[in-house]
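So this one's target_17.txt, compact mmCIF, C-alpha atoms and all ligand atoms:
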```txt
# COMPACT_ATOMS: atom_id res chain seq x y z
CA MET A 31 84.27 -75.63 -23.77
CA ASP A 32 82.52 -72.91 -21.75
CA ARG A 33 81.56 -69.88 -23.77
CA CYS A 34 81.53 -66.28 -22.60
CA ILE A 35 78.58 -64.42 -24.13
CA LEU A 36 77.79 -60.72 -23.80
CA GLY A 37 74.10 -59.74 -23.98
CA ILE A 38 72.89 -56.20 -24.77
CA GLU A 39 69.29 -54.98 -24.45
CA THR A 40 68.23 -51.40 -25.30
CA SER A 41 64.81 -51.87 -26.90
CA CYS A 42 62.89 -49.61 -24.54
CA ASP A 43 63.70 -47.72 -21.34
CA GLU A 44 66.32 -49.97 -19.72
CA THR A 45 69.96 -50.04 -20.74
CA ALA A 46 70.96 -53.59 -19.86
CA VAL A 47 74.12 -55.66 -20.27
CA ALA A 48 74.96 -59.15 -19.03
CA VAL A 49 77.63 -61.79 -19.32
CA ILE A 50 77.07 -65.53 -19.17
CA ASN A 51 80.35 -67.25 -18.46
CA ALA A 52 80.44 -70.97 -17.61
CA SER A 53 76.77 -70.83 -16.47
CA ARG A 54 77.56 -67.90 -14.18
CA VAL A 55 75.37 -64.89 -14.90
CA THR A 56 76.42 -61.29 -14.23
CA ASN A 57 73.56 -58.93 -14.97
CA LEU A 58 73.52 -55.10 -14.89
CA LEU A 59 70.77 -52.65 -15.63
CA SER A 60 70.40 -48.89 -15.74
CA SER A 61 66.72 -47.92 -15.55
CA GLN A 62 65.35 -44.73 -17.11
CA ILE A 63 62.09 -44.74 -15.15
CA ASP A 64 62.85 -41.46 -13.34
CA LEU A 65 63.83 -39.74 -16.61
CA HIS A 66 60.43 -40.43 -18.21
CA LYS A 67 58.22 -40.09 -15.11
CA PRO A 68 57.44 -36.36 -15.55
CA TYR A 69 56.06 -37.07 -19.06
CA GLY A 70 53.73 -39.90 -17.98
CA GLY A 71 55.23 -42.27 -20.59
CA ILE A 72 58.44 -43.07 -22.45
CA VAL A 73 59.85 -40.27 -24.65
CA PRO A 74 61.73 -42.12 -27.46
CA GLU A 75 64.29 -39.36 -28.12
CA LEU A 76 65.22 -39.11 -24.43
CA ALA A 77 65.45 -42.91 -24.17
CA CYS A 78 67.85 -43.04 -27.10
CA ARG A 79 70.15 -40.33 -25.70
CA ARG A 80 70.27 -41.92 -22.26
CA HIS A 81 71.17 -45.31 -23.79
CA ILE A 82 74.12 -43.66 -25.57
CA GLU A 83 75.35 -42.12 -22.31
CA ALA A 84 74.85 -45.25 -20.22
CA ILE A 85 76.01 -48.17 -22.34
CA GLY A 86 79.81 -47.67 -22.32
CA PRO A 87 80.26 -47.16 -18.56
CA LEU A 88 77.75 -49.95 -17.88
CA LEU A 89 79.78 -52.41 -19.97
CA ASN A 90 83.00 -51.46 -18.15
CA GLU A 91 81.32 -52.00 -14.79
CA LEU A 92 79.85 -55.32 -15.95
CA LEU A 93 83.23 -56.68 -17.07
CA ARG A 94 84.78 -55.57 -13.79
CA ARG A 95 82.09 -57.37 -11.75
CA ALA A 96 82.21 -60.47 -13.95
CA GLY A 97 86.02 -60.55 -13.74
CA CYS A 98 86.13 -60.85 -17.51
CA ALA A 99 88.23 -58.94 -20.09
CA LEU A 100 86.79 -57.74 -23.43
CA THR A 101 89.18 -60.10 -25.21
CA GLN A 102 87.66 -63.09 -23.38
CA LEU A 103 84.24 -62.58 -25.00
CA ASP A 104 83.29 -65.33 -27.48
CA ALA A 105 80.20 -63.63 -28.96
CA VAL A 106 77.93 -60.62 -28.58
CA ALA A 107 74.13 -60.98 -28.58
CA VAL A 108 71.87 -57.96 -29.03
CA THR A 109 68.13 -57.23 -29.24
CA VAL A 110 67.29 -56.27 -32.85
CA GLY A 111 63.53 -55.73 -32.34
CA PRO A 112 60.76 -55.10 -31.69
CA GLY A 113 61.13 -51.83 -29.79
CA LEU A 114 61.83 -48.12 -30.20
CA ILE A 115 63.94 -47.72 -33.32
CA GLY A 116 66.32 -45.09 -31.89
CA ALA A 117 66.80 -47.10 -28.71
CA LEU A 118 67.41 -50.35 -30.63
CA LEU A 119 69.95 -48.60 -32.88
CA VAL A 120 72.16 -47.75 -29.89
CA GLY A 121 72.47 -51.37 -28.75
CA VAL A 122 72.82 -52.77 -32.27
CA SER A 123 75.53 -50.25 -33.30
CA PHE A 124 77.42 -50.90 -30.06
CA ALA A 125 77.22 -54.69 -30.55
CA LYS A 126 78.34 -54.44 -34.20
CA SER A 127 81.39 -52.37 -33.19
CA LEU A 128 82.37 -54.98 -30.60
CA SER A 129 81.83 -57.83 -33.04
CA TYR A 130 83.98 -56.11 -35.69
CA ALA A 131 86.76 -54.97 -33.37
CA LEU A 132 87.03 -58.23 -31.41
CA HIS A 133 86.43 -60.57 -34.40
CA ILE A 134 83.61 -62.36 -32.59
CA PRO A 135 80.18 -63.47 -33.91
CA LEU A 136 77.21 -61.12 -33.77
CA LEU A 137 73.97 -62.78 -32.60
CA ALA A 138 70.67 -61.03 -33.42
CA ILE A 139 67.97 -61.67 -30.84
CA HIS A 140 64.23 -61.02 -31.02
CA HIS A 141 63.12 -59.36 -27.77
CA LEU A 142 60.38 -61.96 -27.17
CA GLU A 143 62.77 -64.84 -27.83
CA GLY A 144 64.89 -63.19 -25.15
CA HIS A 145 61.95 -63.20 -22.73
CA ILE A 146 61.21 -66.88 -23.49
CA SER A 147 64.92 -67.71 -22.99
CA SER A 148 64.84 -66.13 -19.52
CA VAL A 149 63.28 -69.34 -18.27
CA PHE A 150 66.45 -71.29 -19.26
CA LEU A 151 68.61 -69.09 -17.02
CA GLU A 152 67.41 -71.09 -14.03
CA GLN A 153 65.91 -74.20 -15.62
CA GLU A 154 67.76 -76.51 -17.98
CA ASP A 155 65.28 -79.24 -18.74
CA ILE A 156 61.82 -78.32 -19.89
CA SER A 157 59.35 -80.90 -21.00
CA PHE A 158 58.04 -80.10 -24.52
CA PRO A 159 55.63 -79.45 -26.19
CA ALA A 160 55.04 -76.30 -24.18
CA ILE A 161 52.82 -73.26 -24.35
CA ALA A 162 54.59 -69.95 -23.77
CA LEU A 163 52.67 -66.93 -22.52
CA VAL A 164 54.73 -63.80 -23.16
CA VAL A 165 53.04 -61.05 -21.21
CA SER A 166 54.59 -57.61 -20.86
CA GLY A 167 53.93 -53.90 -21.31
CA GLY A 168 54.04 -54.25 -25.10
CA HIS A 169 52.92 -57.83 -25.77
CA THR A 170 50.43 -60.48 -24.75
CA ASN A 171 51.18 -63.46 -26.99
CA LEU A 172 50.56 -67.19 -26.72
CA TYR A 173 52.97 -69.48 -28.57
CA LYS A 174 53.14 -73.20 -29.10
CA MET A 175 56.70 -74.49 -28.66
CA PRO A 176 57.18 -78.06 -29.95
CA LYS A 177 60.82 -77.70 -28.89
CA ARG A 178 63.34 -75.08 -27.87
CA GLY A 179 63.74 -72.41 -30.55
CA GLU A 180 60.47 -73.19 -32.37
CA TYR A 181 57.55 -70.82 -31.90
CA TYR A 182 54.07 -70.79 -33.45
CA LEU A 183 51.83 -67.87 -32.60
CA LEU A 184 48.45 -69.10 -31.31
CA GLY A 185 46.89 -65.89 -30.06
CA LYS A 186 47.64 -62.30 -29.13
CA THR A 187 46.02 -59.17 -27.82
CA LEU A 188 43.81 -57.31 -30.25
CA ASP A 189 44.40 -53.98 -28.47
CA ASP A 190 46.24 -53.20 -25.21
CA ALA A 191 48.83 -55.58 -23.75
CA ALA A 192 48.05 -56.88 -20.24
CA GLY A 193 50.90 -54.82 -18.72
CA GLU A 194 49.66 -51.74 -20.53
CA ALA A 195 46.14 -52.32 -19.13
CA LEU A 196 47.60 -52.60 -15.60
CA ASP A 197 49.73 -49.46 -16.14
CA LYS A 198 46.75 -47.47 -17.49
CA GLY A 199 44.46 -48.73 -14.69
CA ALA A 200 47.00 -47.64 -12.08
CA ARG A 201 47.23 -44.25 -13.77
CA LEU A 202 43.42 -43.84 -13.55
CA LEU A 203 43.83 -44.43 -9.82
CA GLY A 204 46.54 -41.74 -9.68
CA TYR A 205 49.73 -43.85 -9.60
CA GLU A 206 52.87 -43.36 -11.67
CA TYR A 207 54.41 -45.63 -14.32
CA PRO A 208 54.99 -48.57 -14.09
CA GLY A 209 51.63 -49.29 -12.49
CA GLY A 210 51.73 -53.11 -12.70
CA PRO A 211 53.85 -53.56 -9.54
CA VAL A 212 51.67 -50.95 -7.72
CA ILE A 213 48.45 -52.83 -8.57
CA ASP A 214 50.13 -56.09 -7.47
CA ARG A 215 51.10 -54.56 -4.11
CA LEU A 216 47.73 -52.82 -3.48
CA ALA A 217 45.75 -55.94 -4.44
CA LYS A 218 47.45 -57.95 -1.69
CA GLN A 219 45.77 -55.71 0.89
CA GLY A 220 42.31 -55.79 -0.75
CA ASN A 221 39.46 -58.05 -1.80
CA PRO A 222 38.08 -58.41 -5.35
CA ILE A 223 34.61 -57.15 -4.42
CA TYR A 224 33.99 -54.96 -7.50
CA PRO A 225 32.40 -56.74 -10.49
CA PHE A 226 34.60 -56.80 -13.63
CA THR A 227 33.83 -59.43 -16.24
CA ILE A 228 36.73 -61.57 -17.50
CA PRO A 229 37.88 -59.75 -20.67
CA HIS A 230 37.23 -61.32 -24.11
CA ARG A 231 36.16 -64.63 -22.57
CA ALA A 232 34.65 -65.94 -25.80
CA GLY A 233 37.50 -64.71 -28.00
CA GLY A 234 39.34 -68.03 -28.39
CA LEU A 235 43.08 -67.61 -27.87
CA ASN A 236 43.11 -63.87 -28.52
CA PHE A 237 43.00 -61.27 -25.76
CA SER A 238 41.44 -57.83 -25.42
CA PHE A 239 41.98 -55.50 -22.49
CA SER A 240 40.65 -52.15 -23.66
CA GLY A 241 37.10 -52.94 -22.42
CA VAL A 242 38.12 -53.69 -18.84
CA LYS A 243 40.08 -50.42 -18.73
CA THR A 244 36.95 -48.53 -19.89
CA ALA A 245 34.90 -50.41 -17.27
CA LEU A 246 37.34 -49.21 -14.60
CA ARG A 247 37.12 -45.62 -15.84
CA GLN A 248 33.31 -45.75 -15.79
CA MET A 249 33.27 -47.34 -12.34
CA LEU A 250 35.50 -44.55 -11.01
CA GLN A 251 33.07 -41.98 -12.42
CA GLN A 252 30.05 -43.51 -10.65
CA GLU A 253 28.70 -41.44 -7.80
CA ASN A 254 27.69 -44.37 -5.61
CA ILE A 255 31.14 -46.02 -5.50
CA LYS A 256 32.51 -45.56 -2.00
CA LYS A 257 35.75 -43.82 -2.93
CA ASP A 258 36.22 -42.45 0.58
CA LEU A 259 36.55 -45.93 2.10
CA PRO A 260 40.20 -46.40 3.22
CA SER A 261 40.23 -49.83 1.57
CA PHE A 262 38.87 -48.54 -1.75
CA HIS A 263 42.14 -48.49 -3.73
CA ALA A 264 43.15 -51.93 -2.50
CA ASP A 265 39.74 -53.46 -3.31
CA ILE A 266 39.46 -51.91 -6.74
CA ALA A 267 43.07 -52.90 -7.59
CA ALA A 268 42.34 -56.48 -6.47
CA SER A 269 39.16 -56.59 -8.62
CA TYR A 270 40.76 -55.08 -11.73
CA GLN A 271 43.88 -57.27 -11.44
CA LYS A 272 41.76 -60.40 -10.94
CA ALA A 273 39.82 -59.82 -14.19
CA ILE A 274 43.03 -59.35 -16.22
CA ILE A 275 44.89 -62.27 -14.65
CA GLU A 276 41.92 -64.66 -14.98
CA SER A 277 41.76 -63.87 -18.70
CA LEU A 278 45.48 -64.77 -19.03
CA VAL A 279 44.99 -68.01 -17.07
CA LEU A 280 41.82 -69.04 -18.92
CA LYS A 281 43.34 -68.65 -22.39
CA SER A 282 46.62 -70.31 -21.38
CA LEU A 283 44.64 -73.35 -20.16
CA LEU A 284 42.69 -73.43 -23.43
CA ALA A 285 45.96 -73.32 -25.43
CA LEU A 286 47.41 -76.16 -23.32
CA ARG A 287 44.31 -78.33 -23.86
CA GLN A 288 43.97 -77.61 -27.57
CA ASN A 289 47.64 -78.44 -28.23
CA ASN A 290 48.08 -81.37 -25.82
CA ALA A 291 50.98 -79.51 -24.23
CA ASN A 292 52.39 -80.63 -20.90
CA SER A 293 54.27 -77.48 -19.87
CA MET A 294 53.50 -73.83 -19.41
CA ILE A 295 56.22 -71.19 -19.80
CA LEU A 296 55.33 -67.85 -18.26
CA VAL A 297 57.60 -64.88 -19.11
CA GLY A 298 57.66 -61.07 -19.53
CA GLY A 299 57.21 -58.24 -17.03
CA VAL A 300 53.68 -59.28 -16.00
CA ALA A 301 54.98 -62.79 -15.20
CA ALA A 302 56.39 -61.11 -12.06
CA ASN A 303 52.79 -60.61 -10.88
CA SER A 304 52.19 -62.59 -7.70
CA LEU A 305 48.55 -63.49 -8.48
CA LEU A 306 49.42 -64.75 -11.98
CA ARG A 307 52.29 -66.84 -10.61
CA ARG A 308 50.07 -68.35 -7.89
CA ARG A 309 47.08 -69.00 -10.16
CA MET A 310 49.21 -70.70 -12.83
CA GLN A 311 50.88 -72.91 -10.19
CA GLU A 312 47.46 -73.86 -8.77
CA GLU A 313 46.11 -74.77 -12.21
CA GLY A 314 49.28 -76.73 -13.00
CA GLU A 315 48.94 -78.78 -9.82
CA ARG A 316 45.22 -79.34 -10.45
CA ALA A 317 45.49 -80.29 -14.13
CA GLY A 318 48.93 -81.95 -13.99
CA PHE A 319 51.10 -79.72 -16.17
CA SER A 320 54.49 -78.22 -15.28
CA VAL A 321 54.82 -74.46 -14.86
CA TYR A 322 58.14 -72.78 -15.61
CA MET A 323 58.68 -69.13 -14.79
CA PRO A 324 61.83 -67.11 -14.14
CA SER A 325 62.53 -65.35 -10.85
CA PRO A 326 60.74 -61.97 -10.83
CA HIS A 327 63.96 -60.01 -11.58
CA TYR A 328 64.40 -61.98 -14.82
CA CYS A 329 60.75 -61.36 -15.86
CA THR A 330 61.14 -57.65 -16.59
CA ASP A 331 63.54 -56.49 -19.33
CA ASN A 332 67.15 -57.55 -18.76
CA ALA A 333 70.19 -58.56 -20.81
CA ALA A 334 70.79 -61.95 -19.18
CA MET A 335 67.84 -63.28 -21.20
CA ILE A 336 69.40 -61.86 -24.39
CA ALA A 337 72.76 -63.51 -23.60
CA MET A 338 70.92 -66.79 -22.91
CA ALA A 339 69.11 -66.65 -26.28
CA GLY A 340 72.50 -65.77 -27.82
CA LEU A 341 74.12 -68.86 -26.33
CA SER A 342 71.49 -70.98 -28.06
CA HIS A 343 72.10 -69.18 -31.41
CA LEU A 344 75.86 -69.70 -30.99
CA GLU A 345 75.42 -73.42 -30.32
CA ARG A 346 73.26 -73.74 -33.44
CA GLY A 347 75.55 -71.55 -35.58
CA VAL A 348 72.86 -68.91 -36.19
CA PHE A 349 74.98 -65.79 -36.80
CA ALA A 350 73.94 -62.31 -37.95
CA PRO A 351 75.75 -60.33 -40.66
CA LEU A 352 77.38 -57.01 -39.73
CA ASP A 353 74.98 -55.09 -42.00
CA ILE A 354 71.88 -56.21 -40.05
CA SER A 355 69.41 -53.42 -39.14
CA PRO A 356 67.15 -53.23 -36.09
CA HIS A 357 63.43 -53.48 -36.76
CA PRO A 358 60.79 -51.78 -34.56
CA ALA A 359 58.02 -54.27 -35.44
CA LEU A 360 59.89 -57.54 -35.90
CA GLU A 361 57.81 -60.78 -35.87
CA LEU A 362 59.16 -63.76 -33.91
CA ALA A 363 60.24 -66.43 -36.38
CA SER A 364 61.27 -69.98 -35.61
CA PHE A 365 64.71 -71.42 -36.15
CA SER A 366 65.85 -74.97 -35.57
O1 LIG B 401 58.94 -57.05 -20.03
P1 LIG B 401 58.88 -55.65 -19.52
O2 LIG B 401 59.93 -55.20 -18.54
O3 LIG B 401 58.93 -54.63 -20.72
C1 LIG B 401 58.28 -54.84 -21.93
O4 LIG B 401 58.86 -55.57 -22.77
O5 LIG B 401 57.14 -54.35 -22.04
O6 LIG B 401 57.41 -55.46 -18.91
C2 LIG B 401 57.00 -54.27 -18.31
C3 LIG B 401 55.56 -54.44 -17.85
C4 LIG B 401 54.94 -53.14 -17.36
O7 LIG B 401 53.66 -53.00 -17.94
C5 LIG B 401 54.83 -53.37 -15.86
O8 LIG B 401 53.78 -52.67 -15.25
C6 LIG B 401 54.62 -54.86 -15.80
O9 LIG B 401 55.49 -55.38 -16.79
N1 LIG B 401 54.94 -55.43 -14.48
C7 LIG B 401 54.03 -55.99 -13.65
C8 LIG B 401 54.72 -56.38 -12.48
N2 LIG B 401 56.05 -56.04 -12.62
C9 LIG B 401 56.16 -55.47 -13.86
N3 LIG B 401 52.71 -56.19 -13.81
C10 LIG B 401 52.05 -56.78 -12.80
N4 LIG B 401 52.63 -57.16 -11.64
C11 LIG B 401 53.95 -57.00 -11.44
N5 LIG B 401 54.51 -57.40 -10.28
ZN ZN B 402 60.20 -56.91 -22.56
```

Let me see the structure of the file written as structure tokens.
Ligand code: KG4
Ligand code: ZN
Amino acid sequence: MDRCILGIETSCDETAVAVINASRVTNLLSSQIDLHKPYGGIVPELACRRHIEAIGPLLNELLRRAGCALTQLDAVAVTVGPGLIGALLVGVSFAKSLSYALHIPLLAIHHLEGHISSVFLEQEDISFPAIALVVSGGHTNLYKMPKRGEYYLLGKTLDDAAGEALDKGARLLGYEYPGGPVIDRLAKQGNPIYPFTIPHRAGGLNFSFSGVKTALRQMLQQENIKKDLPSFHADIAASYQKAIIESLVLKSLLALRQNNANSMILVGGVAANSLLRRRMQEEGERAGFSVYMPSPHYCTDNAAMIAMAGLSHLERGVFAPLDISPHPALELASFS
């Protein structure tokens, strides 16, 4: 029988709700980007308050668009971590209330499991074993996935996440948060003529992006860099982006080879990056592995991915108790 699952995501600066009903996805999001812009970063207390204001009306609008009544929901899935504790608490408390009042199961979802599940929104059959690169503003992790729902951490960033490095680089160039999409857009008009070395090349499956950010800062301070050239921003964005993306590609290929994997799963906000998508496709065609990545609007934070992960928990009977607490630094554990 088709199940109707509600997904809720409030781990950071997006209030997001979604319903998956008979494979049909209805997805709604209220972004807080403008609220935090004047502060140059996310203010946790403001994020939490805005989630409280937004979540009720957003759910009503979602149900209206999905043509679904509250009483038709079969389960509620919610992000329990990692993320901002106050922000997570809003979603988790809301989900618990629904679960209790409607007598439906509560499904506790790890944010990164949500990202990985985003690929199943548009793709049913994936050939395992796979390597999953989860690359966002908060994480840059490589996992081995022998099958769906099983994750083994192979490598991660030792400092900044790739998205964070793109955001900070864009800020050094004078652009507002989030800088990743700005760098992506600028880079399309430029050429990678400035020399940045591929970050942490010899670091096995771990990443490090703080050095390339310092290299950009130092380059911008150099007198002889031709900052008055009209193409300067585009060329420097293309060069900086290339170094970061090549590091992601290089280590993903190493993980694939070392683990004899035949598929690559690419998820998280930075998976929306056009160069990363193109480079991974090229490498897949060259080396003969399949590349799975969600459409760009499912790469950044959303609740459809949480509902999708929830569907899988429901099918496996993995339910959460009503006294569960959110956790700001939750590790991704496997279940089978
Ligand atoms: O997954 P996400 O929405 O939130 C976190 O869980 O962190 O990812 C947000 C990150 C930001 O760093 C943003 O700059 C980056 O994803 N991002 C991009 C692009 N779109 C979003 N980075 C590069 N190119 C893009 N097109
Ligand atoms: Zn995320």

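For the point (59.0, -49.3, -39.7), the residues with an atom at a distance of at most 12 Å are A:Gly111, A:Pro112, A:Gly113, A:Leu114, A:Ile115, A:Gly116, A:Ser355, A:Pro356, A:His357, A:Pro358, A:Ala359, A:Leu360, counting all atoms listed in the file.
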
| Between CA of Ser148 in chain A and CA of Arg287 in chain A, what is the spacing in Å? | 24.3 Å

| Using all atoms listed in the file, which protein or nucleic acid residues are at most 6 Å from ligand LIG 401 (chain B), as a list in words? |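 The distance check yields Ser166, Gly167, Gly168, Gly193, Glu194, Asp197, Pro208, Gly209, Gly210, Pro211, Asp214, Gly298, Gly299, Val300, Ala302, Asn303, Thr330 and Asp331 of chain A.
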
Take the residues just selected and output them with C-alpha atoms as a CSV table (one decimal), keeping the file's coordinate frame.
```csv
chain,number,residue,atom,x,y,z
A,166,SER,CA,54.6,-57.6,-20.9
A,167,GLY,CA,53.9,-53.9,-21.3
A,168,GLY,CA,54.0,-54.2,-25.1
A,193,GLY,CA,50.9,-54.8,-18.7
A,194,GLU,CA,49.7,-51.7,-20.5
A,197,ASP,CA,49.7,-49.5,-16.1
A,208,PRO,CA,55.0,-48.6,-14.1
A,209,GLY,CA,51.6,-49.3,-12.5
A,210,GLY,CA,51.7,-53.1,-12.7
A,211,PRO,CA,53.8,-53.6,-9.5
A,214,ASP,CA,50.1,-56.1,-7.5
A,298,GLY,CA,57.7,-61.1,-19.5
A,299,GLY,CA,57.2,-58.2,-17.0
A,300,VAL,CA,53.7,-59.3,-16.0
A,302,ALA,CA,56.4,-61.1,-12.1
A,303,ASN,CA,52.8,-60.6,-10.9
A,330,THR,CA,61.1,-57.6,-16.6
A,331,ASP,CA,63.5,-56.5,-19.3
```

| message | So, with only C-alpha atoms as the atoms that count, which of A:Asp43, A:Leu362, A:Gly144, A:Cys34 lies closest to Ala105 in chain A? | response | A:Cys34

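Between CA of Ala267 in chain A and CA of Phe239 in chain A there is a distance of 15.2 Å.
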
| field | Contacts of Ser282 in chain A at 9 Å (all atoms listed in the file; same-chain gap of 6+ positions) as a list of chain:residue names | value |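 Once the adjacent positions are removed, what remains is A:Ile161, A:Ala162, A:Leu163, A:Leu172, A:Leu235, A:Met294, A:Met310.
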
| field | Gap from CA of Ala339 in chain A to CA of His169 in chain A - Å, one decimal | value |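 Taking CA of Ala339 in chain A and CA of His169 in chain A, their separation equals 18.4 Å.
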
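Shortest atom-to-atom contact with Arg54 in chain A among A:Glu276, A:Glu143, A:Glu152, A:Asp265: A:Glu152, counting only C-alpha atoms.
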
| Excluding same-chain residues fewer than 5 positions from range 244-247 of chain A, what lies within 10 Å of it counting all atoms listed in the file, as a VMD selection string? | chain A and resid 195 198 to 199 202 to 203 224 to 227 239 252 266 to 267 269 to 270

Let me see the file: selected residues, C-alpha atoms, as a PDB file, in the frame of the given file.
```pdb
ATOM      1  CA  ALA A 195      46.140 -52.320 -19.130  1.00  0.00           C
ATOM      2  CA  LYS A 198      46.750 -47.470 -17.490  1.00  0.00           C
ATOM      3  CA  GLY A 199      44.460 -48.730 -14.690  1.00  0.00           C
ATOM      4  CA  LEU A 202      43.420 -43.840 -13.550  1.00  0.00           C
ATOM      5  CA  LEU A 203      43.830 -44.430  -9.820  1.00  0.00           C
ATOM      6  CA  TYR A 224      33.990 -54.960  -7.500  1.00  0.00           C
ATOM      7  CA  PRO A 225      32.400 -56.740 -10.490  1.00  0.00           C
ATOM      8  CA  PHE A 226      34.600 -56.800 -13.630  1.00  0.00           C
ATOM      9  CA  THR A 227      33.830 -59.430 -16.240  1.00  0.00           C
ATOM     10  CA  PHE A 239      41.980 -55.500 -22.490  1.00  0.00           C
ATOM     11  CA  GLN A 252      30.050 -43.510 -10.650  1.00  0.00           C
ATOM     12  CA  ILE A 266      39.460 -51.910  -6.740  1.00  0.00           C
ATOM     13  CA  ALA A 267      43.070 -52.900  -7.590  1.00  0.00           C
ATOM     14  CA  SER A 269      39.160 -56.590  -8.620  1.00  0.00           C
ATOM     15  CA  TYR A 270      40.760 -55.080 -11.730  1.00  0.00           C
TER      16      TYR A 270
END
```

I'd like a table as a tab-separated table: residues in range 282-310 of chain A with an atom no more than 12 Å from range 179-189 of chain A, each row giving the shortest atom pair and its distance in Å to one decimal, all atoms listed in the file counted, sorted by chain and rising residue number.
```
residue	atom	partner	partner_atom	distance
A:Ser282	CA	A:Gly185	CA	9.7
A:Leu284	CA	A:Leu184	CA	10.7
A:Ala285	CA	A:Leu184	CA	7.7
A:Leu286	CA	A:Leu184	CA	10.7
A:Gln288	CA	A:Leu184	CA	10.3
A:Asn289	CA	A:Leu184	CA	9.9
```

| message | Which residues are close to range 77-92 of chain A, i.e. within 10 Å by only C-alpha atoms, leaving aside same-chain residues fewer than 5 positions away? Reply as a ChimeraX atom specification. | response | /A:36,38-49,56-63,65-66,72,97-100,114-121,124

| field | Which residue of A:Lys257, A:Lys281, A:Lys272, A:His145 approaches ligand ZN 402 (chain B) most closely, using all atoms listed in the file | value |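 Looking only at the distances to ligand ZN 402 (chain B), the closest residue turns out to be A:His145.
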
| Nearest to ligand ZN 402 (chain B): which of A:Ala232, A:Ala363, A:Ala217, A:Leu142 is it, counting all atoms listed in the file? | A:Leu142

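Closest to Ile50 in chain A among A:Leu352, A:Asp64, A:Asp32, A:Ala131 is A:Asp32, based on all atoms listed in the file.
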
| request: Compute the distance from (55.1, -79.7, -16.6) to each atom, counting all atoms listed in the file, keep the residues with any atom at most 12 Å away, and return them as JSON, numbers by chain; use the coordinates of the file. | output: {"A": [155, 156, 157, 158, 159, 160, 161, 286, 290, 291, 292, 293, 294, 295, 296, 310, 311, 313, 314, 315, 316, 317, 318, 319, 320, 321, 322, 323]}

| Given only C-alpha atoms and all ligand atoms as the counted atoms, nearest of A:Ala125, A:Val297, A:Val279, A:Ala337 to ligand ZN 402 (chain B) |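 Of A:Ala125, A:Val297, A:Val279, A:Ala337, the one nearest ligand ZN 402 (chain B) is A:Val297, counting only C-alpha atoms and all ligand atoms.
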